[in-house]
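Novice: Hey, dropping coords.cif in here, mmCIF, C-alpha atoms:
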```cif
data_input
#
loop_
_atom_site.label_atom_id
_atom_site.label_comp_id
_atom_site.auth_asym_id
_atom_site.auth_seq_id
_atom_site.Cartn_x
_atom_site.Cartn_y
_atom_site.Cartn_z
CA MET A 1 -33.26 7.26 44.80
CA GLU A 2 -34.37 7.40 48.43
CA GLN A 3 -37.72 8.83 47.37
CA MET A 4 -38.50 6.29 44.67
CA LYS A 5 -41.69 4.45 45.42
CA TRP A 6 -42.06 0.78 44.65
CA SER A 7 -45.45 -0.43 43.40
CA GLY A 8 -46.72 -3.86 44.35
CA ALA A 9 -46.04 -5.14 40.85
CA GLU A 10 -42.50 -3.77 40.94
CA LYS A 11 -41.82 -5.36 44.30
CA LYS A 12 -43.08 -8.70 43.09
CA ALA A 13 -40.99 -8.62 39.91
CA ALA A 14 -37.93 -7.40 41.83
CA ARG A 15 -38.23 -10.19 44.36
CA GLN A 16 -38.39 -12.84 41.63
CA VAL A 17 -35.35 -11.51 39.79
CA PHE A 18 -33.42 -11.06 43.03
CA ASP A 19 -34.18 -14.55 44.31
CA ALA A 20 -33.38 -16.19 40.98
CA ALA A 21 -30.02 -14.40 40.76
CA LEU A 22 -29.17 -15.30 44.34
CA GLN A 23 -30.07 -18.95 43.86
CA ALA A 24 -28.08 -19.10 40.62
CA GLU A 25 -25.02 -17.63 42.30
CA LEU A 26 -25.35 -19.99 45.26
CA SER A 27 -25.67 -22.94 42.89
CA GLU A 28 -22.47 -21.93 41.12
CA MET A 29 -20.78 -21.58 44.47
CA LEU A 30 -21.98 -25.02 45.52
CA SER A 31 -20.70 -26.63 42.32
CA GLU A 32 -17.36 -24.93 42.71
CA PHE A 33 -17.21 -25.97 46.37
CA ARG A 34 -17.93 -29.61 45.56
CA ALA A 35 -15.30 -29.63 42.83
CA ARG A 36 -12.68 -28.04 45.10
CA ALA A 37 -13.52 -30.41 47.95
CA ALA A 38 -13.16 -33.39 45.64
CA ARG A 39 -9.67 -32.15 44.71
CA ALA A 40 -8.61 -31.57 48.33
CA VAL A 41 -5.79 -33.95 49.25
CA THR A 42 -4.24 -32.30 52.30
CA PRO A 43 -5.64 -30.77 55.49
CA GLU A 44 -4.28 -27.42 54.25
CA ASP A 45 -6.46 -27.72 51.13
CA MET A 46 -9.42 -28.24 53.43
CA TRP A 47 -8.63 -25.17 55.54
CA LEU A 48 -8.16 -23.06 52.43
CA ILE A 49 -11.59 -24.12 51.24
CA ALA A 50 -13.00 -23.27 54.67
CA ASP A 51 -11.44 -19.80 54.48
CA HIS A 52 -12.75 -19.30 50.98
CA LEU A 53 -16.26 -20.34 52.02
CA ALA A 54 -16.24 -17.89 54.91
CA VAL A 55 -15.27 -15.05 52.58
CA GLN A 56 -17.87 -16.04 49.98
CA ARG A 57 -20.58 -16.27 52.60
CA ARG A 58 -19.86 -12.76 53.80
CA GLU A 59 -19.71 -11.44 50.22
CA ILE A 60 -23.07 -12.98 49.38
CA GLU A 61 -24.65 -11.46 52.47
CA LEU A 62 -23.31 -8.03 51.59
CA LYS A 63 -24.09 -8.27 47.90
CA TYR A 64 -27.67 -9.51 48.07
CA ASP A 65 -29.18 -6.70 50.13
CA TYR A 66 -32.91 -6.57 49.49
CA ARG A 67 -33.57 -3.22 51.19
CA TYR A 68 -35.40 -0.99 48.72
CA SER A 69 -32.80 1.71 49.43
CA GLN A 70 -30.13 -0.66 48.07
CA LEU A 71 -31.97 -2.71 45.49
CA LEU A 72 -31.23 -0.60 42.41
CA PHE A 73 -27.53 -0.72 43.24
CA VAL A 74 -27.81 -4.48 43.62
CA PHE A 75 -29.55 -4.85 40.27
CA GLY A 76 -27.07 -2.50 38.64
CA ARG A 77 -24.21 -4.65 39.81
CA LEU A 78 -25.97 -7.86 38.75
CA VAL A 79 -26.55 -6.43 35.26
CA ARG A 80 -22.90 -5.40 35.07
CA GLU A 81 -21.86 -8.89 36.09
CA LYS A 82 -24.28 -10.31 33.49
CA ARG A 83 -26.03 -12.25 36.22
CA ILE A 84 -29.32 -10.72 35.17
CA GLN A 85 -30.59 -9.18 31.93
CA GLU A 86 -32.18 -5.75 31.79
CA ALA A 87 -35.15 -7.37 30.09
CA GLU A 88 -35.94 -9.26 33.29
CA LEU A 89 -36.52 -5.92 34.99
CA GLU A 90 -38.99 -4.51 32.49
CA ALA A 91 -41.72 -4.38 35.15
CA LEU A 92 -39.78 -1.55 36.84
CA SER A 93 -40.40 2.12 36.09
CA GLU A 94 -38.36 3.96 33.49
CA GLU A 95 -36.74 6.00 36.25
CA LYS A 96 -35.57 2.86 38.06
CA LEU A 97 -34.29 1.26 34.88
CA LEU A 98 -32.26 4.33 34.03
CA PHE A 99 -30.74 4.29 37.49
CA ILE A 100 -29.89 0.60 37.16
CA GLN A 101 -28.29 1.21 33.76
CA ARG A 102 -26.21 4.01 35.22
CA ILE A 103 -24.95 1.77 38.01
CA ALA A 104 -24.35 -1.08 35.57
CA SER A 105 -22.18 1.14 33.37
CA LEU A 106 -19.88 2.24 36.19
CA MET M 1 3.83 -32.51 86.38
CA GLU M 2 5.22 -29.00 85.97
CA GLN M 3 8.61 -30.18 87.23
CA MET M 4 8.89 -33.23 85.01
CA LYS M 5 11.94 -33.01 82.84
CA TRP M 6 11.92 -34.28 79.28
CA SER M 7 15.04 -35.97 77.96
CA GLY M 8 16.06 -35.55 74.35
CA ALA M 9 14.99 -39.12 73.59
CA GLU M 10 11.62 -38.53 75.24
CA LYS M 11 11.05 -35.34 73.28
CA LYS M 12 11.89 -37.07 70.04
CA ALA M 13 9.56 -39.98 70.70
CA ALA M 14 6.80 -37.65 71.91
CA ARG M 15 7.04 -35.53 68.80
CA GLN M 16 6.73 -38.56 66.54
CA VAL M 17 3.69 -39.94 68.35
CA PHE M 18 2.09 -36.51 68.53
CA ASP M 19 2.60 -35.73 64.85
CA ALA M 20 1.40 -39.15 63.72
CA ALA M 21 -1.79 -38.82 65.80
CA LEU M 22 -2.43 -35.32 64.52
CA GLN M 23 -1.90 -36.33 60.90
CA ALA M 24 -4.16 -39.35 61.33
CA GLU M 25 -6.93 -37.24 62.83
CA LEU M 26 -6.56 -34.63 60.09
CA SER M 27 -6.72 -37.36 57.45
CA GLU M 28 -9.95 -38.68 58.94
CA MET M 29 -11.32 -35.17 58.99
CA LEU M 30 -10.36 -34.66 55.37
CA SER M 31 -12.04 -37.91 54.30
CA GLU M 32 -15.18 -36.99 56.19
CA PHE M 33 -15.11 -33.49 54.70
CA ARG M 34 -14.80 -34.79 51.15
CA ALA M 35 -17.64 -37.24 51.71
CA ARG M 36 -19.90 -34.57 53.20
CA ALA M 37 -19.05 -32.12 50.42
CA ALA M 38 -19.89 -34.74 47.80
CA ARG M 39 -23.31 -35.18 49.42
CA ALA M 40 -24.00 -31.42 49.63
CA VAL M 41 -26.94 -30.53 47.41
CA THR M 42 -28.08 -27.18 48.76
CA PRO M 43 -26.28 -23.98 49.75
CA GLU M 44 -27.42 -24.66 53.31
CA ASP M 45 -25.54 -27.99 53.25
CA MET M 46 -22.46 -26.06 52.18
CA TRP M 47 -22.79 -23.51 55.01
CA LEU M 48 -23.31 -26.31 57.53
CA ILE M 49 -20.09 -27.93 56.36
CA ALA M 50 -18.35 -24.57 56.65
CA ASP M 51 -19.60 -24.18 60.23
CA HIS M 52 -18.53 -27.72 61.06
CA LEU M 53 -15.05 -27.14 59.62
CA ALA M 54 -14.61 -23.98 61.66
CA VAL M 55 -15.50 -25.86 64.85
CA GLN M 56 -13.23 -28.78 63.99
CA ARG M 57 -10.35 -26.48 63.21
CA ARG M 58 -10.63 -24.79 66.58
CA GLU M 59 -10.95 -28.15 68.34
CA ILE M 60 -7.83 -29.48 66.66
CA GLU M 61 -5.87 -26.39 67.63
CA LEU M 62 -6.95 -26.72 71.25
CA LYS M 63 -6.51 -30.48 71.42
CA TYR M 64 -3.05 -30.80 69.88
CA ASP M 65 -1.14 -28.57 72.26
CA TYR M 66 2.53 -29.51 72.18
CA ARG M 67 3.65 -27.49 75.20
CA TYR M 68 5.46 -29.83 77.58
CA SER M 69 3.20 -28.58 80.37
CA GLN M 70 0.22 -29.95 78.42
CA LEU M 71 1.63 -32.91 76.59
CA LEU M 72 0.84 -35.63 79.13
CA PHE M 73 -2.78 -34.48 79.21
CA VAL M 74 -2.83 -34.59 75.42
CA PHE M 75 -1.40 -38.11 75.34
CA GLY M 76 -3.79 -39.21 78.08
CA ARG M 77 -6.73 -38.04 76.02
CA LEU M 78 -5.37 -39.64 72.86
CA VAL M 79 -4.94 -42.97 74.67
CA ARG M 80 -8.49 -42.70 76.02
CA GLU M 81 -9.76 -42.02 72.51
CA LYS M 82 -7.72 -44.97 71.25
CA ARG M 83 -5.93 -42.67 68.83
CA ILE M 84 -2.61 -43.84 70.23
CA GLN M 85 -1.48 -46.97 72.04
CA GLU M 86 0.40 -46.85 75.32
CA ALA M 87 3.06 -49.01 73.67
CA GLU M 88 3.92 -46.14 71.35
CA LEU M 89 4.95 -44.12 74.38
CA GLU M 90 7.36 -46.66 75.88
CA ALA M 91 10.28 -44.24 75.46
CA LEU M 92 8.76 -42.08 78.20
CA SER M 93 9.67 -42.42 81.87
CA GLU M 94 7.60 -44.56 84.19
CA GLU M 95 6.41 -41.43 85.98
CA LYS M 96 5.10 -39.92 82.76
CA LEU M 97 3.42 -43.15 81.68
CA LEU M 98 1.62 -43.41 85.01
CA PHE M 99 0.39 -39.86 84.65
CA ILE M 100 -0.84 -40.55 81.10
CA GLN M 101 -2.64 -43.70 82.28
CA ARG M 102 -4.32 -41.73 85.04
CA ILE M 103 -5.56 -39.10 82.56
CA ALA M 104 -6.61 -41.81 80.11
CA SER M 105 -8.73 -43.50 82.76
CA LEU M 106 -10.68 -40.37 83.67
#
```
Before we go any further, please render this structure as structure tokens.
Specialist:
Amino acid sequence: MEQMKWSGAEKKAARQVFDAALQAELSEMLSEFRARAARAVTPEDMWLIADHLAVQRREIELKYDYRYSQLLFVFGRLVREKRIQEAELEALSEEKLLFIQRIASL
Amino acid sequence: MEQMKWSGAEKKAARQVFDAALQAELSEMLSEFRARAARAVTPEDMWLIADHLAVQRREIELKYDYRYSQLLFVFGRLVREKRIQEAELEALSEEKLLFIQRIASL
């Protein structure tokens, strides 16, 4: 895994898939946030939303780690969560795809 | 200030004024929060709101300090901010009211 080389084409494809998944997840989060905020009727509701946002923000930062040493794990998780399709990653080498599938199946 | 004694009637009146001011400020904050959340269209908007909430929460905790050693300062500030009226504090002793007025005028 550490020794896998990333070609220019692979990096480009990976970046697109990564960014699209991140933006999609952030959009979901934003929609959920707006809906929760609209339902907030007490200060406690507001603080709970604030706490939830802080947790989500940290989770997003940890989850979307673009380092090449982490990227196959990230994609594996995103496939498992059905946030991306394996077909979107077809530009990656067979070796990388197998690794991603293995992570996705865990 | 440290030596000022609080009678039962003063404590009761102070608690009512304090709680009402706190609830009013929290209600304003909640309205503002809901309005800002409804206008949020990007994840960055959402994170800015989260940052703002964290700051506000800390400010509220610091501002509404019910210790009797702090309470006249709190009321002085609230009068200055026009969040409470001096008339609401008429149950307090003349000495306390003068102190509050002095703080309010700073």
Novice: Which is closest to Trp6 in chain M among M:Ala91, M:Leu30, M:Leu48, M:Ile84, if we use only C-alpha atoms?
Specialist: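 Closest candidate: M:Ala91.
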Novice: Up to 6 Å from chain M, what residues of chain A turn up? Count all atoms listed in the file and give them as a list in words.
Specialist: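 Applying the cut-off to the listed atoms yields Arg34, Ala37, Ala38 and Ala50 of chain A.
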Novice: Let me see the file: selected residues, C-alpha atoms, as a CSV table (one decimal), keeping the file's coordinate frame.
Specialist:
```csv
chain,number,residue,atom,x,y,z
A,34,ARG,CA,-17.9,-29.6,45.6
A,37,ALA,CA,-13.5,-30.4,48.0
A,38,ALA,CA,-13.2,-33.4,45.6
A,50,ALA,CA,-13.0,-23.3,54.7
```
Novice: Take CA of Ala14 in chain A and CA of Glu88 in chain A and report the distance between them in Å, one decimal.
Specialist: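 CA of Glu88 in chain A lies 9.0 Å from CA of Ala14 in chain A.
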Novice: Take CA of Ile103 in chain M and CA of Tyr64 in chain M and report the distance between them in Å, one decimal.
Specialist: 15.4 Å
Novice: To one decimal place, how far is CA of Val74 in chain A from CA of Arg58 in chain A in Å?
Specialist: 15.3 Å
Novice: For the point (-28.5, -5.1, 30.2) in file coordinates, what residues are within 12 Å, counting all atoms listed in the file? Give the answer as a VMD selection string?
Specialist: chain A and resid 75 to 90 97 to 98 100 to 105
Novice: Show which residues sit within 12 Å of range 7-13 of chain M, as a ChimeraX atom specification. Count only C-alpha atoms, and ignore same-chain residues fewer than 2 positions away.
Specialist: /M:4-5,15-20,66-68,71-72,87-94,96-97
Novice: How about completing range 72-95 of chain A with N, CA, C and O atoms and giving it to me as a PDB file, in the frame of the given file?
Specialist:
```pdb
ATOM      1  N   LEU A  72     -31.633  -1.015  43.763  1.00  0.00           N
ATOM      2  CA  LEU A  72     -31.230  -0.600  42.410  1.00  0.00           C
ATOM      3  C   LEU A  72     -29.712  -0.731  42.239  1.00  0.00           C
ATOM      4  O   LEU A  72     -29.236  -1.067  41.142  1.00  0.00           O
ATOM      5  N   PHE A  73     -28.985  -0.501  43.296  1.00  0.00           N
ATOM      6  CA  PHE A  73     -27.530  -0.720  43.240  1.00  0.00           C
ATOM      7  C   PHE A  73     -27.228  -2.212  43.036  1.00  0.00           C
ATOM      8  O   PHE A  73     -26.352  -2.581  42.260  1.00  0.00           O
ATOM      9  N   VAL A  74     -27.991  -3.031  43.747  1.00  0.00           N
ATOM     10  CA  VAL A  74     -27.810  -4.480  43.620  1.00  0.00           C
ATOM     11  C   VAL A  74     -28.089  -4.924  42.185  1.00  0.00           C
ATOM     12  O   VAL A  74     -27.285  -5.629  41.562  1.00  0.00           O
ATOM     13  N   PHE A  75     -29.207  -4.463  41.653  1.00  0.00           N
ATOM     14  CA  PHE A  75     -29.550  -4.850  40.270  1.00  0.00           C
ATOM     15  C   PHE A  75     -28.527  -4.296  39.280  1.00  0.00           C
ATOM     16  O   PHE A  75     -28.167  -4.972  38.313  1.00  0.00           O
ATOM     17  N   GLY A  76     -28.072  -3.078  39.526  1.00  0.00           N
ATOM     18  CA  GLY A  76     -27.070  -2.500  38.640  1.00  0.00           C
ATOM     19  C   GLY A  76     -25.821  -3.366  38.600  1.00  0.00           C
ATOM     20  O   GLY A  76     -25.270  -3.669  37.532  1.00  0.00           O
ATOM     21  N   ARG A  77     -25.393  -3.796  39.748  1.00  0.00           N
ATOM     22  CA  ARG A  77     -24.210  -4.650  39.810  1.00  0.00           C
ATOM     23  C   ARG A  77     -24.457  -5.988  39.127  1.00  0.00           C
ATOM     24  O   ARG A  77     -23.595  -6.511  38.413  1.00  0.00           O
ATOM     25  N   LEU A  78     -25.649  -6.552  39.343  1.00  0.00           N
ATOM     26  CA  LEU A  78     -25.970  -7.860  38.750  1.00  0.00           C
ATOM     27  C   LEU A  78     -26.043  -7.765  37.224  1.00  0.00           C
ATOM     28  O   LEU A  78     -25.647  -8.695  36.524  1.00  0.00           O
ATOM     29  N   VAL A  79     -26.535  -6.631  36.720  1.00  0.00           N
ATOM     30  CA  VAL A  79     -26.550  -6.430  35.260  1.00  0.00           C
ATOM     31  C   VAL A  79     -25.116  -6.334  34.762  1.00  0.00           C
ATOM     32  O   VAL A  79     -24.743  -6.964  33.761  1.00  0.00           O
ATOM     33  N   ARG A  80     -24.307  -5.559  35.466  1.00  0.00           N
ATOM     34  CA  ARG A  80     -22.900  -5.400  35.070  1.00  0.00           C
ATOM     35  C   ARG A  80     -22.187  -6.737  35.042  1.00  0.00           C
ATOM     36  O   ARG A  80     -21.376  -7.026  34.170  1.00  0.00           O
ATOM     37  N   GLU A  81     -22.499  -7.574  36.016  1.00  0.00           N
ATOM     38  CA  GLU A  81     -21.860  -8.890  36.090  1.00  0.00           C
ATOM     39  C   GLU A  81     -22.529  -9.911  35.163  1.00  0.00           C
ATOM     40  O   GLU A  81     -22.161 -11.084  35.181  1.00  0.00           O
ATOM     41  N   LYS A  82     -23.517  -9.455  34.409  1.00  0.00           N
ATOM     42  CA  LYS A  82     -24.280 -10.310  33.490  1.00  0.00           C
ATOM     43  C   LYS A  82     -24.969 -11.457  34.226  1.00  0.00           C
ATOM     44  O   LYS A  82     -25.186 -12.541  33.666  1.00  0.00           O
ATOM     45  N   ARG A  83     -25.273 -11.242  35.478  1.00  0.00           N
ATOM     46  CA  ARG A  83     -26.030 -12.250  36.220  1.00  0.00           C
ATOM     47  C   ARG A  83     -27.522 -12.097  35.977  1.00  0.00           C
ATOM     48  O   ARG A  83     -28.269 -13.049  36.170  1.00  0.00           O
ATOM     49  N   ILE A  84     -27.930 -10.911  35.619  1.00  0.00           N
ATOM     50  CA  ILE A  84     -29.320 -10.720  35.170  1.00  0.00           C
ATOM     51  C   ILE A  84     -29.310  -9.874  33.904  1.00  0.00           C
ATOM     52  O   ILE A  84     -28.335  -9.172  33.611  1.00  0.00           O
ATOM     53  N   GLN A  85     -30.414  -9.969  33.153  1.00  0.00           N
ATOM     54  CA  GLN A  85     -30.590  -9.180  31.930  1.00  0.00           C
ATOM     55  C   GLN A  85     -31.513  -8.003  32.250  1.00  0.00           C
ATOM     56  O   GLN A  85     -32.441  -8.156  33.048  1.00  0.00           O
ATOM     57  N   GLU A  86     -31.283  -6.883  31.595  1.00  0.00           N
ATOM     58  CA  GLU A  86     -32.180  -5.750  31.790  1.00  0.00           C
ATOM     59  C   GLU A  86     -33.625  -6.125  31.470  1.00  0.00           C
ATOM     60  O   GLU A  86     -34.556  -5.645  32.109  1.00  0.00           O
ATOM     61  N   ALA A  87     -33.798  -6.988  30.508  1.00  0.00           N
ATOM     62  CA  ALA A  87     -35.150  -7.370  30.090  1.00  0.00           C
ATOM     63  C   ALA A  87     -35.941  -8.011  31.242  1.00  0.00           C
ATOM     64  O   ALA A  87     -37.168  -7.896  31.300  1.00  0.00           O
ATOM     65  N   GLU A  88     -35.244  -8.640  32.154  1.00  0.00           N
ATOM     66  CA  GLU A  88     -35.940  -9.260  33.290  1.00  0.00           C
ATOM     67  C   GLU A  88     -36.549  -8.230  34.220  1.00  0.00           C
ATOM     68  O   GLU A  88     -37.394  -8.545  35.059  1.00  0.00           O
ATOM     69  N   LEU A  89     -36.076  -6.985  34.078  1.00  0.00           N
ATOM     70  CA  LEU A  89     -36.520  -5.920  34.990  1.00  0.00           C
ATOM     71  C   LEU A  89     -37.534  -4.994  34.339  1.00  0.00           C
ATOM     72  O   LEU A  89     -37.807  -3.897  34.843  1.00  0.00           O
ATOM     73  N   GLU A  90     -38.127  -5.420  33.243  1.00  0.00           N
ATOM     74  CA  GLU A  90     -38.990  -4.510  32.490  1.00  0.00           C
ATOM     75  C   GLU A  90     -40.234  -4.070  33.271  1.00  0.00           C
ATOM     76  O   GLU A  90     -40.873  -3.077  32.898  1.00  0.00           O
ATOM     77  N   ALA A  91     -40.569  -4.788  34.347  1.00  0.00           N
ATOM     78  CA  ALA A  91     -41.720  -4.380  35.150  1.00  0.00           C
ATOM     79  C   ALA A  91     -41.405  -3.114  35.969  1.00  0.00           C
ATOM     80  O   ALA A  91     -42.314  -2.482  36.508  1.00  0.00           O
ATOM     81  N   LEU A  92     -40.143  -2.736  36.043  1.00  0.00           N
ATOM     82  CA  LEU A  92     -39.780  -1.550  36.840  1.00  0.00           C
ATOM     83  C   LEU A  92     -39.988  -0.269  36.035  1.00  0.00           C
ATOM     84  O   LEU A  92     -39.961  -0.276  34.798  1.00  0.00           O
ATOM     85  N   SER A  93     -40.175   0.818  36.743  1.00  0.00           N
ATOM     86  CA  SER A  93     -40.400   2.120  36.090  1.00  0.00           C
ATOM     87  C   SER A  93     -39.189   2.549  35.281  1.00  0.00           C
ATOM     88  O   SER A  93     -38.056   2.102  35.537  1.00  0.00           O
ATOM     89  N   GLU A  94     -39.429   3.435  34.336  1.00  0.00           N
ATOM     90  CA  GLU A  94     -38.360   3.960  33.490  1.00  0.00           C
ATOM     91  C   GLU A  94     -37.251   4.594  34.350  1.00  0.00           C
ATOM     92  O   GLU A  94     -36.054   4.408  34.099  1.00  0.00           O
ATOM     93  N   GLU A  95     -37.690   5.320  35.360  1.00  0.00           N
ATOM     94  CA  GLU A  95     -36.740   6.000  36.250  1.00  0.00           C
ATOM     95  C   GLU A  95     -35.793   4.981  36.928  1.00  0.00           C
ATOM     96  O   GLU A  95     -34.579   5.176  36.998  1.00  0.00           O
TER      97      GLU A  95
END
```
